[in-house]
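As provided, run05.tsv (TSV, C-alpha atoms and all ligand atoms) reads as follows.
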chain	number	residue	atom	x	y	z
A	8	MET	CA	0.00	0.00	0.00
A	9	SER	CA	1.40	3.42	-0.88
A	10	GLU	CA	2.76	5.39	2.06
A	11	ALA	CA	-0.10	7.30	3.74
A	12	PRO	CA	0.21	11.04	3.00
A	13	SER	CA	1.38	13.25	5.87
A	14	ILE	CA	-1.00	15.81	7.32
A	15	VAL	CA	-0.25	19.31	8.66
A	16	ILE	CA	-2.90	20.96	10.82
A	17	LEU	CA	-2.84	24.65	11.85
A	18	THR	CA	-5.04	25.74	14.72
A	19	GLY	CA	-5.98	29.15	16.12
A	20	ALA	CA	-7.97	30.55	19.02
A	21	GLY	CA	-11.30	29.35	17.57
A	22	ILE	CA	-10.55	25.74	18.49
A	23	SER	CA	-10.31	26.71	22.18
A	24	LYS	CA	-13.36	29.01	22.21
A	25	GLU	CA	-15.78	26.22	23.24
A	26	SER	CA	-13.41	25.34	26.09
A	27	GLY	CA	-14.08	28.82	27.48
A	28	LEU	CA	-10.98	30.70	26.25
A	29	ASP	CA	-11.44	34.02	24.43
A	30	THR	CA	-10.47	34.43	20.79
A	31	PHE	CA	-8.69	37.59	19.64
A	32	ARG	CA	-10.75	39.18	16.90
A	33	ASP	CA	-14.32	38.12	17.67
A	34	SER	CA	-16.45	41.01	18.93
A	35	ASP	CA	-15.90	39.83	22.53
A	36	GLY	CA	-12.27	38.92	21.85
A	37	ILE	CA	-9.04	39.89	23.55
A	38	TRP	CA	-8.11	42.66	21.11
A	39	ALA	CA	-11.50	44.27	21.79
A	40	LYS	CA	-10.35	44.79	25.40
A	41	VAL	CA	-6.63	45.58	25.13
A	42	ARG	CA	-4.44	46.98	22.34
A	43	ILE	CA	-1.78	44.79	20.76
A	44	GLU	CA	0.63	47.74	21.05
A	45	ASP	CA	0.18	47.80	24.85
A	46	VAL	CA	0.61	44.10	25.69
A	47	ALA	CA	1.93	41.99	22.77
A	48	THR	CA	5.08	43.65	21.40
A	49	PRO	CA	8.68	43.83	22.70
A	50	GLU	CA	8.32	47.62	22.76
A	51	ALA	CA	5.32	47.31	25.10
A	52	PHE	CA	7.36	45.06	27.41
A	53	ALA	CA	10.29	47.50	27.43
A	54	ARG	CA	7.96	50.48	28.01
A	55	ASN	CA	5.76	48.99	30.75
A	56	PRO	CA	6.77	45.44	31.74
A	57	SER	CA	4.28	45.27	34.65
A	58	ARG	CA	1.37	45.96	32.28
A	59	VAL	CA	2.46	43.12	30.02
A	60	GLN	CA	3.13	40.74	32.93
A	61	GLU	CA	-0.37	41.48	34.33
A	62	PHE	CA	-1.94	40.69	30.92
A	63	TYR	CA	-0.28	37.28	30.78
A	64	ASN	CA	-0.73	36.59	34.52
A	65	ALA	CA	-4.51	36.99	34.03
A	66	ARG	CA	-4.53	34.64	31.02
A	67	ARG	CA	-2.30	32.12	32.82
A	68	ALA	CA	-4.68	32.13	35.80
A	69	GLY	CA	-7.64	31.76	33.42
A	70	LEU	CA	-6.04	28.71	31.85
A	71	LYS	CA	-5.72	27.08	35.29
A	72	ASP	CA	-9.52	27.37	35.79
A	73	PRO	CA	-10.77	23.77	36.29
A	74	LYS	CA	-13.66	24.53	33.88
A	75	VAL	CA	-11.16	25.09	31.05
A	76	VAL	CA	-10.58	21.63	29.57
A	77	PRO	CA	-9.90	20.22	26.09
A	78	ASN	CA	-13.06	19.97	23.95
A	79	ALA	CA	-14.18	17.41	21.33
A	80	ALA	CA	-12.18	19.19	18.63
A	81	HIS	CA	-8.88	18.94	20.56
A	82	GLU	CA	-9.65	15.28	21.30
A	83	ALA	CA	-10.47	14.49	17.66
A	84	LEU	CA	-7.08	15.85	16.52
A	85	ALA	CA	-5.29	13.70	19.11
A	86	ARG	CA	-7.26	10.68	17.81
A	87	LEU	CA	-6.26	11.51	14.23
A	88	GLU	CA	-2.58	11.56	15.27
A	89	ARG	CA	-2.98	8.16	16.98
A	90	GLU	CA	-4.96	6.44	14.22
A	91	TRP	CA	-3.72	7.95	10.93
A	92	PRO	CA	-1.02	5.67	9.39
A	93	GLY	CA	1.06	8.64	8.18
A	94	GLU	CA	2.61	11.56	10.09
A	95	VAL	CA	0.29	14.20	11.57
A	96	LEU	CA	1.96	17.48	12.60
A	97	LEU	CA	-0.14	19.88	14.66
A	98	VAL	CA	1.04	23.53	14.46
A	99	THR	CA	-0.85	25.78	16.85
A	100	GLN	CA	-0.87	29.57	17.12
A	101	ASN	CA	-2.46	29.08	20.55
A	102	ILE	CA	-0.46	29.48	23.73
A	103	ASP	CA	-2.85	27.36	25.81
A	104	ASP	CA	-2.03	23.72	26.64
A	105	LEU	CA	-5.32	22.14	25.57
A	106	HIS	CA	-3.84	20.18	22.64
A	107	GLU	CA	-1.27	18.53	24.96
A	108	ARG	CA	-3.93	17.80	27.56
A	109	ALA	CA	-6.07	16.16	24.83
A	110	GLY	CA	-3.12	13.86	24.00
A	111	SER	CA	-1.54	15.48	20.91
A	112	LYS	CA	2.21	14.83	20.88
A	113	ASN	CA	3.62	15.90	17.49
A	114	LEU	CA	2.95	19.56	18.26
A	115	ILE	CA	4.64	22.93	17.59
A	116	HIS	CA	3.54	26.05	19.50
A	117	MET	CA	4.67	28.59	16.89
A	118	HIS	CA	3.59	31.56	19.05
A	119	GLY	CA	4.95	30.15	22.32
A	120	GLU	CA	3.35	28.74	25.47
A	121	LEU	CA	1.51	30.55	28.28
A	122	LEU	CA	2.71	28.03	30.89
A	123	LYS	CA	6.39	28.62	30.12
A	124	VAL	CA	8.65	31.59	30.91
A	125	ARG	CA	12.24	32.35	29.98
A	126	CYS	CA	15.05	34.46	31.37
A	127	GLU	CA	16.38	37.09	28.96
A	128	TYR	CA	19.74	37.01	30.73
A	129	CYS	CA	20.57	33.28	30.80
A	130	ASP	CA	17.97	31.98	28.30
A	131	ALA	CA	16.69	29.41	30.83
A	132	LEU	CA	13.28	28.13	29.69
A	133	MET	CA	11.00	26.72	32.39
A	134	ARG	CA	7.42	25.66	33.08
A	135	TRP	CA	5.68	28.40	35.09
A	136	GLU	CA	2.13	28.39	36.45
A	137	GLU	CA	2.31	31.27	38.95
A	138	PRO	CA	2.10	35.04	38.44
A	139	LEU	CA	5.30	36.63	37.12
A	140	SER	CA	6.49	40.10	38.10
A	141	THR	CA	9.35	42.31	37.06
A	142	SER	CA	11.06	41.48	40.37
A	143	THR	CA	10.78	37.69	40.08
A	144	PRO	CA	14.37	36.36	40.27
A	145	CYS	CA	15.42	33.79	37.67
A	146	PRO	CA	15.72	30.40	39.49
A	147	HIS	CA	18.79	29.64	37.33
A	148	CYS	CA	20.89	32.81	37.29
A	149	GLY	CA	19.23	34.70	40.15
A	150	ARG	CA	18.97	37.95	38.22
A	151	LYS	CA	15.74	39.98	38.35
A	152	SER	CA	13.77	41.87	35.64
A	153	GLY	CA	14.76	39.41	32.93
A	154	MET	CA	11.90	36.92	33.27
A	155	ARG	CA	9.30	37.10	30.45
A	156	PRO	CA	6.46	34.97	29.14
A	157	HIS	CA	7.68	32.41	26.56
A	158	VAL	CA	5.33	33.98	24.02
A	159	VAL	CA	6.04	35.30	20.50
A	160	TRP	CA	5.05	38.97	20.30
A	161	PHE	CA	4.39	40.94	17.11
A	162	GLY	CA	7.69	41.63	15.39
A	163	GLU	CA	9.31	38.54	16.94
A	164	MET	CA	10.22	35.40	15.01
A	165	PRO	CA	7.73	32.56	15.46
A	166	ILE	CA	9.05	29.22	16.76
A	167	GLY	CA	9.81	26.16	14.63
A	168	MET	CA	9.48	27.82	11.22
A	169	ASP	CA	12.09	25.65	9.46
A	170	ALA	CA	10.42	22.44	10.65
A	171	ILE	CA	6.97	23.78	9.74
A	172	TYR	CA	7.92	24.72	6.17
A	173	GLU	CA	9.67	21.38	5.71
A	174	LYS	CA	6.41	19.59	6.58
A	175	LEU	CA	4.26	21.98	4.53
A	176	ASP	CA	6.48	21.17	1.53
A	177	THR	CA	5.86	17.42	1.80
A	178	CYS	CA	2.33	17.05	3.20
A	179	GLY	CA	-0.62	15.59	1.29
A	180	LEU	CA	-3.23	17.44	3.36
A	181	PHE	CA	-3.18	20.90	4.99
A	182	VAL	CA	-6.01	21.70	7.42
A	183	SER	CA	-6.61	25.12	9.05
A	184	ILE	CA	-8.93	25.18	12.06
A	185	GLY	CA	-10.29	28.11	14.10
A	186	THR	CA	-8.11	30.91	12.80
A	187	SER	CA	-9.14	34.18	11.15
A	188	GLY	CA	-6.10	34.21	8.85
A	189	ASN	CA	-5.00	37.69	9.96
A	190	VAL	CA	-1.56	36.95	11.38
A	191	TYR	CA	1.51	36.07	9.32
A	192	PRO	CA	3.42	33.90	8.68
A	193	ALA	CA	0.69	31.41	9.79
A	194	ALA	CA	-1.90	33.03	7.49
A	195	GLY	CA	0.45	32.40	4.53
A	196	PHE	CA	0.75	28.62	5.04
A	197	VAL	CA	-2.20	27.84	2.74
A	198	GLN	CA	-0.62	29.87	-0.08
A	199	HIS	CA	2.64	28.02	0.49
A	200	VAL	CA	0.86	24.66	0.16
A	201	ARG	CA	-1.28	25.69	-2.84
A	202	TYR	CA	1.80	26.96	-4.65
A	203	ARG	CA	3.22	23.43	-4.64
A	204	GLY	CA	-0.11	22.05	-5.89
A	205	LEU	CA	0.48	18.64	-4.32
A	206	ALA	CA	-1.77	18.82	-1.26
A	207	HIS	CA	-5.47	19.08	-0.59
A	208	SER	CA	-6.30	22.10	1.62
A	209	VAL	CA	-9.29	22.42	3.95
A	210	GLU	CA	-10.48	25.23	6.23
A	211	LEU	CA	-12.69	24.38	9.20
A	212	ASN	CA	-13.99	27.54	10.86
A	213	LEU	CA	-17.08	29.19	12.31
A	214	GLU	CA	-17.05	31.70	9.45
A	215	PRO	CA	-14.89	32.16	6.35
A	216	SER	CA	-11.39	33.41	7.26
A	217	GLN	CA	-9.42	36.10	5.42
A	218	GLY	CA	-7.88	33.34	3.32
A	219	ALA	CA	-10.98	31.18	2.77
A	220	THR	CA	-10.90	31.50	-1.04
A	221	LEU	CA	-7.42	29.95	-1.09
A	222	PHE	CA	-8.64	26.62	0.32
A	223	ALA	CA	-9.84	23.78	-1.93
A	224	GLU	CA	-12.53	23.02	0.65
A	225	VAL	CA	-14.21	25.14	3.38
A	226	ILE	CA	-16.36	23.57	6.11
A	227	LEU	CA	-18.19	26.01	8.40
A	228	GLY	CA	-19.54	25.38	11.87
A	229	PRO	CA	-18.46	25.15	15.52
A	230	ALA	CA	-15.19	23.23	15.95
A	231	THR	CA	-16.65	20.71	18.42
A	232	GLU	CA	-19.06	19.57	15.66
A	233	ILE	CA	-17.12	19.89	12.40
A	234	VAL	CA	-13.68	18.70	13.57
A	235	PRO	CA	-14.72	15.26	14.93
A	236	ALA	CA	-16.84	14.70	11.78
A	237	PHE	CA	-13.91	15.69	9.56
A	238	VAL	CA	-11.51	13.37	11.42
A	239	ASP	CA	-14.00	10.49	11.03
A	240	ARG	CA	-14.18	11.23	7.28
A	241	ILE	CA	-10.39	11.25	6.84
A	242	LEU	CA	-9.94	8.04	8.84
A	243	THR	CA	-12.70	6.35	6.77
A	244	ASP	CA	-12.19	7.76	3.24
A	245	GLY	CA	-8.54	8.87	3.33
A	246	VAL	CA	-7.10	12.13	1.97
A	247	PRO	CA	-8.67	13.53	-1.26
A	248	THR	CA	-6.16	14.09	-4.08
A	249	ALA	CA	-5.08	17.70	-4.59
A	250	VAL	CA	-7.30	19.60	-7.05
A	301	LIG	C1	6.88	38.06	12.33
A	301	LIG	C2	0.97	36.55	21.02
A	301	LIG	C3	8.96	38.52	11.34
A	301	LIG	C4	0.69	35.45	21.89
A	301	LIG	C5	0.42	36.72	18.73
A	301	LIG	C6	1.70	43.55	7.32
A	301	LIG	C7	1.34	42.51	6.49
A	301	LIG	C8	1.65	41.19	6.81
A	301	LIG	C9	2.30	40.91	8.01
A	301	LIG	C10	2.63	41.93	8.84
A	301	LIG	C11	2.34	43.24	8.51
A	301	LIG	N1	2.79	44.01	9.54
A	301	LIG	C12	3.35	43.25	10.49
A	301	LIG	C13	3.27	41.98	10.06
A	301	LIG	C14	3.77	40.80	10.76
A	301	LIG	C15	2.86	40.42	11.92
A	301	LIG	C16	1.42	40.30	11.48
A	301	LIG	O1	1.03	39.32	10.87
A	301	LIG	N2	0.61	41.33	11.78
A	301	LIG	C17	-0.78	41.26	11.38
A	301	LIG	C18	-1.67	41.82	12.49
A	301	LIG	C19	-0.95	42.04	10.08
A	301	LIG	N3	3.33	39.14	12.36
A	301	LIG	C20	4.31	39.08	13.27
A	301	LIG	O2	4.79	40.04	13.81
A	301	LIG	C21	4.86	37.69	13.54
A	301	LIG	N4	6.29	37.74	13.46
A	301	LIG	O3	6.32	38.32	11.29
A	301	LIG	O4	8.22	38.09	12.46
A	301	LIG	C22	10.36	38.37	11.68
A	301	LIG	C23	11.21	37.91	10.70
A	301	LIG	C24	12.54	37.76	10.99
A	301	LIG	C25	13.01	38.10	12.27
A	301	LIG	C26	12.16	38.56	13.24
A	301	LIG	C27	10.82	38.71	12.96
A	301	LIG	C28	4.50	37.24	14.96
A	301	LIG	C29	3.04	36.92	15.04
A	301	LIG	C30	2.70	36.39	16.43
A	301	LIG	C31	2.20	37.49	17.26
A	301	LIG	N5	1.68	36.99	18.51
A	301	LIG	N6	0.00	36.49	19.94
A	301	LIG	C32	-0.60	35.71	22.61
A	301	LIG	O5	-0.68	36.72	23.33
A	301	LIG	O6	-1.50	34.89	22.39
A	301	LIG	S1	-0.68	36.67	17.45
A	301	LIG	C33	-2.26	36.35	17.99
A	301	LIG	O7	-3.04	36.21	16.80
A	301	LIG	C34	-2.38	35.01	18.68
A	301	LIG	O8	-1.18	34.30	18.77
A	301	LIG	C35	-3.34	34.23	17.78
A	301	LIG	O9	-3.04	32.90	17.78
A	301	LIG	C36	-3.03	34.84	16.48
A	301	LIG	C37	-3.97	34.57	15.39
A	301	LIG	O10	-5.29	34.80	15.85
A	301	LIG	P1	-6.35	33.61	15.67
A	301	LIG	O11	-5.84	32.43	16.39
A	301	LIG	O12	-6.67	33.46	14.23
A	301	LIG	O13	-7.60	34.16	16.47
A	301	LIG	P2	-8.70	35.17	15.93
A	301	LIG	O14	-9.49	35.63	17.11
A	301	LIG	O15	-8.09	36.16	15.00
A	301	LIG	O16	-9.66	34.23	15.03
A	301	LIG	C38	-10.41	33.21	15.64
A	301	LIG	C39	-11.18	32.50	14.54
A	301	LIG	O17	-11.89	31.40	15.14
A	301	LIG	C40	-12.20	33.36	13.85
A	301	LIG	O18	-12.10	33.20	12.46
A	301	LIG	C41	-13.54	32.84	14.36
A	301	LIG	O19	-14.55	32.90	13.37
A	301	LIG	C42	-13.22	31.40	14.65
A	301	LIG	N7	-14.05	30.79	15.71
A	301	LIG	C43	-14.59	31.40	16.80
A	301	LIG	N8	-15.29	30.49	17.51
A	301	LIG	C44	-15.18	29.30	16.87
A	301	LIG	C45	-14.39	29.49	15.72
A	301	LIG	N9	-14.11	28.49	14.86
A	301	LIG	C46	-14.61	27.27	15.14
A	301	LIG	N10	-15.38	27.01	16.23
A	301	LIG	C47	-15.68	27.99	17.11
A	301	LIG	N11	-16.44	27.72	18.17
Could I get this structure in the form of structure tokens?
Amino acid sequence: MSEAPSIVILTGAGISKESGLDTFRDSDGIWAKVRIEDVATPEAFARNPSRVQEFYNARRAGLKDPKVVPNAAHEALARLEREWPGEVLLVTQNIDDLHERAGSKNLIHMHGELLKVRCEYCDALMRWEEPLSTSTPCPHCGRKSGMRPHVVWFGEMPIGMDAIYEKLDTCGLFVSIGTSGNVYPAAGFVQHVRYRGLAHSVELNLEPSQGATLFAEVILGPATEIVPAFVDRILTDGVPTAV
């Protein structure tokens, strides 16, 4: 039997919405409450580090809420990774840990992780579940005012880009789930795949994203309904040939 095609999946905040986490650009989203320029750029952190730390401390505390758990969409993607005979790479723009908690293993957090922090002096990277302040000493080098969320801000290089493009160049199926397609380079992945012409591309979203017309197939609906159904279809019928 020919080798099963590899699959690359990109997820955004929409996949975690039904777990109780806010998206960014919905009318009740995060960017409706705070400005990117005040909390999600290196300049913001240099200008007012406490403001930025408070923003991420609140989101970190929110993620520890026992009501916030993986939903059926996260679980369906973990099942696809377990049961699909080829490789499944999950690239998430999300900084929550719901994919890991659902069981996904082959996972790249291209915009970082809310439950990790790093020291700008000694580069130590560590799991961190508590509030962070500008006076928190680094447990490794002891210096203060260097500890920051392990999160990719606007203007910073996303994580794992070489590995991601290598998989985009060889996959047979690219799936985008729960992202509005506003933020690059993630929003450009579908173009990158279509340019090669060798992979089928599918968008699963509540509403058409900025890049919807670039996908061979668009399936609309809430992630907890359309993602499990899509995974069942792939596991039953396989990957459609690229059109
Ligand atoms: C970089 C921090 C270069 C972590 C984030 C002009 C043109 C093109 C690009 C640029 C430009 N000017 C600047 C840029 C680059 C910039 C960018 O793209 N800006 C945009 C705004 C134009 N990008 C960058 O700066 C990136 N870095 O380019 O570096 C470089 C090169 C060399 C060397 C150094 C640097 C860095 C981008 C990462 C920024 N960090 N967040 C955090 O705080 O979370 S981005 C932020 O947006 C989040 O990470 C989030 O993941 C990401 C994308 O948002 P979405 O996940 O899509 O969420 P959104 O709310 O938008 O959409 C949700 C969707 O879900 C909606 O469509 C909705 O309908 C749907 N939905 C809702 N409910 C459901 C649902 N779907 C299904 N079911 C539901 N129930």
Contacts of Val98 (chain A) at 8 Å (only C-alpha atoms; same-chain gap of 6+ positions) as a count of residues only: 9
Test item: residues lying within 6 Å of ligand LIG 301 (chain A) with all atoms listed in the file, as an MDAnalysis selection string: chainID A and resid 19:22 24:25 30:33 47 100:102 118 158:165 185:192 212:214 216 229:230
Atomic distance CA of Phe52 (chain A) - CA of Val75 (chain A), expressed in Å with one decimal: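 Distance reported for this atom pair: 27.5 Å.
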For His207 (chain A), the nearest of the candidates A:Gly179, A:Gln60, A:Glu232, A:Gly69, counting only C-alpha atoms: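 When distances to His207 (chain A) are compared using only C-alpha atoms, the smallest one comes from A:Gly179.
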So that I can check the surroundings of Pro247 (chain A), please list as a PDB file with C-alpha atoms, in the frame of the given file every protein, DNA and RNA residue that reaches within 12 Å of it, counting all atoms listed in the file and ignoring chain neighbours fewer than 4 positions away.
ATOM      1  CA  ALA A  11      -0.100   7.300   3.740  1.00  0.00           C
ATOM      2  CA  PRO A  12       0.210  11.040   3.000  1.00  0.00           C
ATOM      3  CA  ILE A  14      -1.000  15.810   7.320  1.00  0.00           C
ATOM      4  CA  GLY A 179      -0.620  15.590   1.290  1.00  0.00           C
ATOM      5  CA  LEU A 180      -3.230  17.440   3.360  1.00  0.00           C
ATOM      6  CA  PHE A 181      -3.180  20.900   4.990  1.00  0.00           C
ATOM      7  CA  LEU A 205       0.480  18.640  -4.320  1.00  0.00           C
ATOM      8  CA  ALA A 206      -1.770  18.820  -1.260  1.00  0.00           C
ATOM      9  CA  HIS A 207      -5.470  19.080  -0.590  1.00  0.00           C
ATOM     10  CA  SER A 208      -6.300  22.100   1.620  1.00  0.00           C
ATOM     11  CA  VAL A 209      -9.290  22.420   3.950  1.00  0.00           C
ATOM     12  CA  ALA A 223      -9.840  23.780  -1.930  1.00  0.00           C
ATOM     13  CA  GLU A 224     -12.530  23.020   0.650  1.00  0.00           C
ATOM     14  CA  ARG A 240     -14.180  11.230   7.280  1.00  0.00           C
ATOM     15  CA  ILE A 241     -10.390  11.250   6.840  1.00  0.00           C
ATOM     16  CA  LEU A 242      -9.940   8.040   8.840  1.00  0.00           C
ATOM     17  CA  THR A 243     -12.700   6.350   6.770  1.00  0.00           C
TER      18      THR A 243
END
Point-to-point distance from CA of Ala68 (chain A) to CA of Gly149 (chain A), Å rounded to tenths: 24.4 Å
Point-to-point distance from CA of Asn64 (chain A) to CA of Leu139 (chain A), Å rounded to tenths: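 Distance between the two atoms: 6.6 Å.
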Surrounding residues of Leu221 (chain A) excluding itself and chain neighbours under 4 positions, 10 Å, only C-alpha atoms, as a list in words: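 Everything that qualifies: Gly195, Val197, Gln198, Val200, Arg201, Ser208, Val209, Glu210, Ser216, Gln217 and Val225 of chain A.
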Near region 76-93 of chain A, within 9 Å and counting all atoms listed in the file, which residues show up once chain neighbours fewer than 6 positions away are dropped, as a compact mmCIF listing (two decimals) with C-alpha atoms, in the coordinates of the input?
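Once written, result.txt looks like this:
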# COMPACT_ATOMS: atom_id res chain seq x y z
CA GLU A 10 2.76 5.39 2.06
CA ALA A 11 -0.10 7.30 3.74
CA PRO A 12 0.21 11.04 3.00
CA SER A 13 1.38 13.25 5.87
CA ILE A 14 -1.00 15.81 7.32
CA ILE A 16 -2.90 20.96 10.82
CA ILE A 22 -10.55 25.74 18.49
CA SER A 23 -10.31 26.71 22.18
CA GLU A 25 -15.78 26.22 23.24
CA SER A 26 -13.41 25.34 26.09
CA GLY A 27 -14.08 28.82 27.48
CA LEU A 70 -6.04 28.71 31.85
CA ASP A 104 -2.03 23.72 26.64
CA LEU A 105 -5.32 22.14 25.57
CA HIS A 106 -3.84 20.18 22.64
CA GLU A 107 -1.27 18.53 24.96
CA ARG A 108 -3.93 17.80 27.56
CA ALA A 109 -6.07 16.16 24.83
CA GLY A 110 -3.12 13.86 24.00
CA SER A 111 -1.54 15.48 20.91
CA LYS A 112 2.21 14.83 20.88
CA ASN A 113 3.62 15.90 17.49
CA ALA A 230 -15.19 23.23 15.95
CA THR A 231 -16.65 20.71 18.42
CA GLU A 232 -19.06 19.57 15.66
CA ILE A 233 -17.12 19.89 12.40
CA VAL A 234 -13.68 18.70 13.57
CA PRO A 235 -14.72 15.26 14.93
CA ALA A 236 -16.84 14.70 11.78
CA PHE A 237 -13.91 15.69 9.56
CA VAL A 238 -11.51 13.37 11.42
CA ASP A 239 -14.00 10.49 11.03
CA ILE A 241 -10.39 11.25 6.84
CA LEU A 242 -9.94 8.04 8.84
Residue nearest Leu96 (chain A) among A:Ser152, A:Thr248, A:Ser34, A:Thr177 (counting only C-alpha atoms):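 Ranked by minimum distance to Leu96 (chain A), first place goes to A:Thr177.
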Would you give the centre and edge lengths, in Å to one decimal, of a box along x, y and z around the listed atoms of region 10-16 of chain A, with 6 Å added to each side, as AutoDock Vina command-line options?
--center_x -0.1 --center_y 13.2 --center_z 6.4 --size_x 17.7 --size_y 27.6 --size_z 20.8
Can I get N, CA and C atoms for region 100-114 of chain A, as a short mmCIF file (atom, residue, chain, number, x, y, z; two decimals), in the first residue's frame?
data_model
loop_
_atom_site.label_atom_id
_atom_site.label_comp_id
_atom_site.auth_asym_id
_atom_site.auth_seq_id
_atom_site.Cartn_x
_atom_site.Cartn_y
_atom_site.Cartn_z
N GLN A 100 -1.18 28.17 16.80
CA GLN A 100 -0.87 29.57 17.12
C GLN A 100 -1.25 29.84 18.58
N ASN A 101 -1.94 28.87 19.19
CA ASN A 101 -2.46 29.08 20.55
C ASN A 101 -1.35 28.89 21.58
N ILE A 102 -1.45 29.62 22.66
CA ILE A 102 -0.46 29.48 23.73
C ILE A 102 -1.04 28.72 24.92
N ASP A 103 -2.30 28.21 24.75
CA ASP A 103 -2.85 27.36 25.81
C ASP A 103 -2.31 25.94 25.66
N ASP A 104 -2.60 25.08 26.68
CA ASP A 104 -2.03 23.72 26.64
C ASP A 104 -3.10 22.67 26.39
N LEU A 105 -4.19 23.07 25.75
CA LEU A 105 -5.32 22.14 25.57
C LEU A 105 -5.02 21.02 24.58
N HIS A 106 -4.21 21.28 23.56
CA HIS A 106 -3.84 20.18 22.64
C HIS A 106 -3.03 19.11 23.38
N GLU A 107 -2.06 19.52 24.19
CA GLU A 107 -1.27 18.53 24.96
C GLU A 107 -2.18 17.76 25.89
N ARG A 108 -3.06 18.47 26.57
CA ARG A 108 -3.93 17.80 27.56
C ARG A 108 -4.91 16.87 26.87
N ALA A 109 -5.18 17.08 25.57
CA ALA A 109 -6.07 16.16 24.83
C ALA A 109 -5.29 14.95 24.33
N GLY A 110 -3.93 15.02 24.40
CA GLY A 110 -3.12 13.86 24.00
C GLY A 110 -2.30 14.06 22.74
N SER A 111 -2.37 15.25 22.11
CA SER A 111 -1.54 15.48 20.91
C SER A 111 -0.08 15.53 21.33
N LYS A 112 0.79 14.88 20.51
CA LYS A 112 2.21 14.83 20.88
C LYS A 112 3.09 15.53 19.84
N ASN A 113 2.80 15.30 18.56
CA ASN A 113 3.62 15.90 17.49
C ASN A 113 3.10 17.31 17.26
N LEU A 114 3.59 18.26 18.10
CA LEU A 114 2.95 19.56 18.26
C LEU A 114 3.99 20.68 18.28
#
